[in-house]
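Trainee: What follows is protein23.cif, mmCIF, C-alpha atoms.
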```
data_upload
loop_
_atom_site.label_atom_id
_atom_site.label_comp_id
_atom_site.auth_asym_id
_atom_site.auth_seq_id
_atom_site.Cartn_x
_atom_site.Cartn_y
_atom_site.Cartn_z
CA MET A 1 59.08 -4.69 65.48
CA ALA A 2 58.44 -8.25 64.93
CA GLU A 3 59.63 -9.67 61.75
CA GLN A 4 57.01 -11.28 59.70
CA VAL A 5 57.92 -14.79 58.76
CA THR A 6 56.52 -16.12 55.57
CA LYS A 7 56.50 -19.80 55.10
CA GLU A 8 56.70 -21.21 51.63
CA ARG A 9 54.29 -24.01 51.04
CA PRO A 10 55.71 -27.15 49.57
CA ARG A 11 54.80 -27.62 45.91
CA ARG A 12 54.61 -31.36 46.00
CA PRO A 13 50.81 -31.69 46.16
CA ALA A 14 50.39 -29.44 43.11
CA VAL A 15 52.95 -31.43 41.15
CA LEU A 16 51.40 -34.73 42.18
CA PHE A 17 47.95 -33.42 41.26
CA THR A 18 49.18 -32.34 37.81
CA VAL A 19 50.89 -35.68 37.22
CA ALA A 20 47.71 -37.51 38.27
CA ILE A 21 45.60 -35.48 35.84
CA VAL A 22 48.01 -35.97 32.94
CA GLY A 23 48.32 -39.68 33.73
CA GLY A 24 44.54 -40.05 33.97
CA LEU A 25 44.08 -38.37 30.61
CA ALA A 26 46.71 -40.62 29.02
CA VAL A 27 45.08 -43.76 30.41
CA GLY A 28 41.65 -42.46 29.37
CA PHE A 29 42.76 -41.95 25.78
CA ALA A 30 44.49 -45.34 25.76
CA VAL A 31 41.38 -47.29 26.80
CA ARG A 32 38.81 -45.12 25.02
CA ASP A 33 38.45 -47.46 22.04
CA THR A 34 38.18 -50.51 24.28
CA ILE A 35 35.47 -48.95 26.41
CA GLU A 36 33.63 -47.60 23.34
CA ASN A 37 33.65 -51.07 21.71
CA TYR A 38 32.49 -52.73 24.93
CA ILE A 39 29.57 -50.31 25.38
CA ALA A 40 28.64 -50.73 21.70
CA SER A 41 28.55 -54.53 22.16
CA ILE A 42 26.15 -54.15 25.09
CA LEU A 43 23.90 -51.83 23.10
CA MET A 44 23.99 -54.16 20.07
CA SER A 45 23.02 -57.13 22.25
CA ILE A 46 19.93 -55.15 23.27
CA ARG A 47 19.10 -53.88 19.75
CA ARG A 48 20.06 -57.15 17.92
CA PRO A 49 20.53 -55.87 14.35
CA PHE A 50 21.65 -59.36 13.24
CA ALA A 51 22.10 -62.92 14.44
CA PRO A 52 24.84 -65.49 13.84
CA ASN A 53 24.92 -66.77 10.25
CA ASP A 54 22.96 -63.75 8.91
CA HIS A 55 24.06 -62.40 5.53
CA VAL A 56 24.89 -58.71 6.12
CA ILE A 57 26.63 -55.70 4.64
CA ILE A 58 28.21 -53.43 7.27
CA GLU A 59 29.85 -50.27 5.92
CA GLY A 60 30.66 -52.00 2.63
CA PHE A 61 31.91 -55.23 4.23
CA GLU A 62 29.75 -58.18 3.13
CA GLY A 63 29.58 -61.67 4.57
CA ARG A 64 27.97 -63.99 7.10
CA VAL A 65 28.13 -63.13 10.80
CA THR A 66 30.28 -65.77 12.48
CA ARG A 67 30.67 -64.35 15.98
CA LEU A 68 30.43 -61.28 18.16
CA ASN A 69 32.57 -60.53 21.20
CA SER A 70 32.95 -57.52 23.48
CA ARG A 71 35.33 -55.76 21.06
CA ALA A 72 34.44 -56.78 17.51
CA THR A 73 32.00 -58.40 15.11
CA PHE A 74 33.43 -61.13 12.88
CA LEU A 75 32.15 -61.79 9.36
CA THR A 76 33.21 -64.46 6.91
CA SER A 77 33.19 -63.03 3.41
CA PHE A 78 31.88 -65.12 0.53
CA ASP A 79 35.42 -65.64 -0.75
CA GLY A 80 36.45 -67.18 2.60
CA ASN A 81 38.16 -64.26 4.35
CA GLU A 82 37.50 -63.38 7.97
CA LEU A 83 36.60 -59.74 8.55
CA ARG A 84 36.93 -58.15 12.00
CA ILE A 85 34.96 -54.94 12.44
CA PRO A 86 35.15 -52.98 15.73
CA ASN A 87 31.78 -52.90 17.51
CA ALA A 88 31.84 -49.11 17.81
CA LEU A 89 31.93 -48.90 14.00
CA VAL A 90 29.24 -51.59 13.64
CA TYR A 91 26.93 -49.81 16.11
CA LYS A 92 27.19 -46.51 14.19
CA ALA A 93 27.13 -48.12 10.72
CA LYS A 94 24.43 -48.56 8.13
CA ILE A 95 23.66 -52.29 8.20
CA THR A 96 21.88 -54.21 5.45
CA ASN A 97 20.60 -57.56 6.74
CA PHE A 98 19.54 -59.88 3.93
CA SER A 99 18.46 -62.65 6.31
CA GLN A 100 15.92 -60.68 8.35
CA ILE A 101 13.12 -60.81 5.76
CA PRO A 102 12.84 -64.06 3.78
CA GLN A 103 11.39 -62.51 0.59
CA ARG A 104 13.81 -60.93 -1.84
CA ARG A 105 13.06 -58.98 -5.00
CA PHE A 106 15.02 -59.68 -8.14
CA GLU A 107 15.19 -57.71 -11.35
CA PHE A 108 16.79 -58.04 -14.73
CA ALA A 109 16.75 -56.13 -18.00
CA VAL A 110 15.79 -57.40 -21.45
CA GLY A 111 16.24 -55.52 -24.71
CA ILE A 112 13.87 -55.81 -27.67
CA GLY A 113 14.13 -54.22 -31.09
CA TYR A 114 11.99 -51.27 -32.11
CA GLU A 115 10.38 -53.44 -34.79
CA ASN A 116 8.90 -55.79 -32.10
CA ASP A 117 5.43 -55.39 -30.59
CA LEU A 118 5.97 -53.74 -27.18
CA CYS A 119 2.67 -54.91 -25.64
CA HIS A 120 3.36 -58.51 -26.70
CA ALA A 121 6.91 -58.32 -25.29
CA LEU A 122 5.62 -57.00 -21.93
CA ALA A 123 2.99 -59.76 -21.74
CA THR A 124 5.49 -62.46 -22.73
CA GLY A 125 8.00 -61.28 -20.10
CA LEU A 126 5.34 -61.23 -17.39
CA GLU A 127 4.08 -64.69 -18.37
CA ALA A 128 7.63 -66.08 -18.32
CA VAL A 129 8.34 -64.75 -14.84
CA LYS A 130 5.00 -65.92 -13.42
CA GLY A 131 5.65 -69.40 -14.84
CA SER A 132 9.11 -69.70 -13.28
CA ASP A 133 9.62 -72.00 -10.29
CA GLY A 134 10.08 -70.22 -6.98
CA VAL A 135 8.65 -66.85 -8.05
CA LEU A 136 6.03 -65.68 -5.55
CA SER A 137 2.57 -64.60 -6.67
CA ASP A 138 2.30 -62.11 -3.80
CA PRO A 139 3.79 -59.56 -4.28
CA GLU A 140 2.96 -59.96 -7.94
CA PRO A 141 5.72 -59.83 -10.58
CA PHE A 142 5.66 -56.98 -13.09
CA VAL A 143 7.40 -55.78 -16.24
CA LEU A 144 7.90 -52.19 -17.35
CA THR A 145 9.63 -50.17 -20.03
CA ASP A 146 12.87 -48.89 -18.56
CA ALA A 147 14.66 -46.99 -21.33
CA LEU A 148 14.75 -46.27 -25.02
CA ASP A 149 18.29 -47.04 -26.14
CA ALA A 150 19.77 -46.35 -29.57
CA SER A 151 18.82 -49.73 -31.04
CA THR A 152 16.62 -51.39 -28.40
CA ILE A 153 13.79 -50.80 -25.98
CA ARG A 154 14.94 -51.92 -22.54
CA LEU A 155 12.38 -53.74 -20.40
CA LYS A 156 12.84 -54.39 -16.69
CA VAL A 157 11.36 -57.52 -15.19
CA PHE A 158 10.67 -57.69 -11.42
CA GLY A 159 9.64 -60.59 -9.20
CA TRP A 160 9.94 -61.89 -5.66
CA VAL A 161 11.40 -65.15 -4.33
CA ASP A 162 11.48 -66.74 -0.89
CA GLN A 163 15.16 -67.17 -0.15
#
```
Produce structure tokens that represent the structure in this file.
Mentor:
Amino acid sequence: MAEQVTKERPRRPAVLFTVAIVGGLAVGFAVRDTIENYIASILMSIRRPFAPNDHVIIEGFEGRVTRLNSRATFLTSFDGNELRIPNALVYKAKITNFSQIPQRRFEFAVGIGYENDLCHALATGLEAVKGSDGVLSDPEPFVLTDALDASTIRLKVFGWVDQ
């Protein structure tokens, strides 16, 4: 009878394949943030949520946009600090852009005593706001009763300015 010879296959290709997979995963995780930030910068350049020198709030960070590169967006806060925010975070974030629309609404509260004439106070507040320099007539300013506090009636005055 002929003896059956079994040849063992070398295990080198399997080991090399495993090492290549593990190494590829390690490199993938290492450059994930860089690639994510780069892709976000491309998408933001298409979408354009802000321009240089715009006043913005991005995820609670407020300032003027100074520059944008492939990895991060740079803001200068109003107290002079530079803020660097990764583009992946900026792309996913809620962004408030104060420079996009030139009109801005303002509001403030005024308290009057219960002994004062409410209708006269509302008319006086409205007249004062309409007579102020820089307040727009369209949209029209308005005044309303906001709350009844313990000792005062709180009025809220609203108007618009062109910033």
Trainee: If the PyMOL selection byres ((chain A and resi 52) around 7) were run on this exact file, what residues would it hold? Put them as an MDAnalysis selection string.
Mentor: chainID A and resid 50:51 53:54 65:67
Trainee: Include C-alpha atoms and write out the residues we just selected as a compact mmCIF listing (two decimals), in the frame of the given file.
Mentor:
```txt
# COMPACT_ATOMS: atom_id res chain seq x y z
CA PHE A 50 21.65 -59.36 13.24
CA ALA A 51 22.10 -62.92 14.44
CA ASN A 53 24.92 -66.77 10.25
CA ASP A 54 22.96 -63.75 8.91
CA VAL A 65 28.13 -63.13 10.80
CA THR A 66 30.28 -65.77 12.48
CA ARG A 67 30.67 -64.35 15.98
```
Trainee: For this file, the PyMOL selection byres ((chain A and resi 77) around 10) selects which residues, as a ChimeraX atom specification?
Mentor: /A:55-57,61-66,74-76,78-83
Trainee: Write out as a PyMOL selection string the residues lying within 9 Å of A:Ser137, counting all atoms listed in the file and excluding same-chain residues fewer than 4 positions away.
Mentor: chain A and resi 130+141+159-160
Trainee: Interatomic distance between atom CA of A:Arg105 and atom CA of A:Lys156?
Mentor: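 Separating atom CA of A:Arg105 from atom CA of A:Lys156 is a distance of 12.6 Å.
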Trainee: Run the PyMOL selection byres ((chain A and resi 89-99) around 8) on the file and write out the hits as a count of residues only.
Mentor: 20
Trainee: Residues of stretch 36-139 of chain A that approach stretch 144-153 of chain A to 6 Å or less, counting all atoms listed in the file: could you list each one with the shortest pair of atoms and its distance in Å to one decimal, rows by chain and increasing residue number, as a Markdown table?
Mentor:
```
| residue | atom | partner | partner_atom | distance |
| --- | --- | --- | --- | --- |
| A:Gly111 | CA | A:Ile153 | CA | 5.5 |
| A:Ile112 | CA | A:Thr152 | CA | 5.3 |
| A:Gly113 | CA | A:Thr152 | CA | 4.6 |
| A:Tyr114 | CA | A:Thr152 | CA | 5.9 |
```
Trainee: Report, in Å to a single decimal, how far apart atom CA of A:Leu68 and atom CA of A:Ile46 are.
Mentor: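 If I compute the distance from atom CA of A:Ile46 to atom CA of A:Leu68, I get 13.2 Å.
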Trainee: For atom CA of A:Phe158 and atom CA of A:Val129, determine how far apart the two atoms are, in Å to one decimal place.
Mentor: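 Between these atoms lies a distance of 8.2 Å.
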Trainee: Please determine an axis-aligned box that encloses all atoms of stretch 124-140 of chain A listed in the file, with 4 Å added on each side, and express its centre and edge lengths in Å to one decimal as AutoDock Vina command-line options.
Mentor:
```
--center_x 6.2 --center_y -65.8 --center_z -13.3 --size_x 15.8 --size_y 20.4 --size_z 26.9
```
Trainee: Using only C-alpha atoms, which of the listed residues (A:Ala30, A:Ala109, A:Val161, A:Ile42) sits closest to A:Asp138?
Mentor: A:Val161
Trainee: Compare A:His120, A:Phe106, A:Gly125, A:Gly60 by their minimum atom-to-atom distance to A:Asp162, counting all atoms listed in the file, and give me the closest one.
Mentor: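 Between A:His120, A:Phe106, A:Gly125, A:Gly60, the residue approaching A:Asp162 most closely is A:Phe106.
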Trainee: For stretch 115-128 of chain A, where the input has fewer atoms than it should, I would like N, CA, C and O atoms rebuilt and written as an mmCIF file, in the coordinates of the input.
Mentor:
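Final output, saved to out-v1.cif:
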```cif
data_model
loop_
_atom_site.group_PDB
_atom_site.id
_atom_site.type_symbol
_atom_site.label_atom_id
_atom_site.label_comp_id
_atom_site.auth_asym_id
_atom_site.auth_seq_id
_atom_site.Cartn_x
_atom_site.Cartn_y
_atom_site.Cartn_z
ATOM 1 N N GLU A 115 11.323 -52.834 -33.862
ATOM 2 C CA GLU A 115 10.380 -53.440 -34.790
ATOM 3 C C GLU A 115 9.445 -54.433 -34.104
ATOM 4 O O GLU A 115 8.432 -54.837 -34.668
ATOM 5 N N ASN A 116 9.731 -54.835 -32.832
ATOM 6 C CA ASN A 116 8.900 -55.790 -32.100
ATOM 7 C C ASN A 116 7.697 -55.094 -31.465
ATOM 8 O O ASN A 116 7.734 -53.902 -31.170
ATOM 9 N N ASP A 117 6.657 -55.885 -31.229
ATOM 10 C CA ASP A 117 5.430 -55.390 -30.590
ATOM 11 C C ASP A 117 5.695 -55.242 -29.084
ATOM 12 O O ASP A 117 5.933 -56.236 -28.387
ATOM 13 N N LEU A 118 5.648 -54.018 -28.585
ATOM 14 C CA LEU A 118 5.970 -53.740 -27.180
ATOM 15 C C LEU A 118 4.976 -54.402 -26.236
ATOM 16 O O LEU A 118 5.374 -55.007 -25.235
ATOM 17 N N CYS A 119 3.683 -54.311 -26.520
ATOM 18 C CA CYS A 119 2.670 -54.910 -25.640
ATOM 19 C C CYS A 119 2.848 -56.428 -25.550
ATOM 20 O O CYS A 119 2.735 -57.020 -24.474
ATOM 21 N N HIS A 120 3.150 -57.051 -26.680
ATOM 22 C CA HIS A 120 3.360 -58.510 -26.700
ATOM 23 C C HIS A 120 4.629 -58.865 -25.898
ATOM 24 O O HIS A 120 4.645 -59.858 -25.164
ATOM 25 N N ALA A 121 5.670 -58.067 -26.026
ATOM 26 C CA ALA A 121 6.910 -58.320 -25.290
ATOM 27 C C ALA A 121 6.682 -58.187 -23.782
ATOM 28 O O ALA A 121 7.180 -59.007 -23.000
ATOM 29 N N LEU A 122 5.919 -57.172 -23.360
ATOM 30 C CA LEU A 122 5.620 -57.000 -21.930
ATOM 31 C C LEU A 122 4.819 -58.190 -21.402
ATOM 32 O O LEU A 122 5.127 -58.732 -20.338
ATOM 33 N N ALA A 123 3.816 -58.629 -22.161
ATOM 34 C CA ALA A 123 2.990 -59.760 -21.740
ATOM 35 C C ALA A 123 3.802 -61.053 -21.698
ATOM 36 O O ALA A 123 3.662 -61.866 -20.766
ATOM 37 N N THR A 124 4.661 -61.257 -22.688
ATOM 38 C CA THR A 124 5.490 -62.460 -22.730
ATOM 39 C C THR A 124 6.464 -62.495 -21.547
ATOM 40 O O THR A 124 6.653 -63.534 -20.905
ATOM 41 N N GLY A 125 7.088 -61.357 -21.245
ATOM 42 C CA GLY A 125 8.000 -61.280 -20.100
ATOM 43 C C GLY A 125 7.305 -61.576 -18.792
ATOM 44 O O GLY A 125 7.807 -62.330 -17.953
ATOM 45 N N LEU A 126 6.108 -61.008 -18.616
ATOM 46 C CA LEU A 126 5.340 -61.230 -17.390
ATOM 47 C C LEU A 126 4.922 -62.695 -17.278
ATOM 48 O O LEU A 126 5.045 -63.299 -16.204
ATOM 49 N N GLU A 127 4.486 -63.280 -18.363
ATOM 50 C CA GLU A 127 4.080 -64.690 -18.370
ATOM 51 C C GLU A 127 5.261 -65.601 -18.048
ATOM 52 O O GLU A 127 5.130 -66.571 -17.298
ATOM 53 N N ALA A 128 6.439 -65.271 -18.580
ATOM 54 C CA ALA A 128 7.630 -66.080 -18.320
ATOM 55 C C ALA A 128 8.035 -66.043 -16.855
ATOM 56 O O ALA A 128 8.397 -67.066 -16.269
#
```
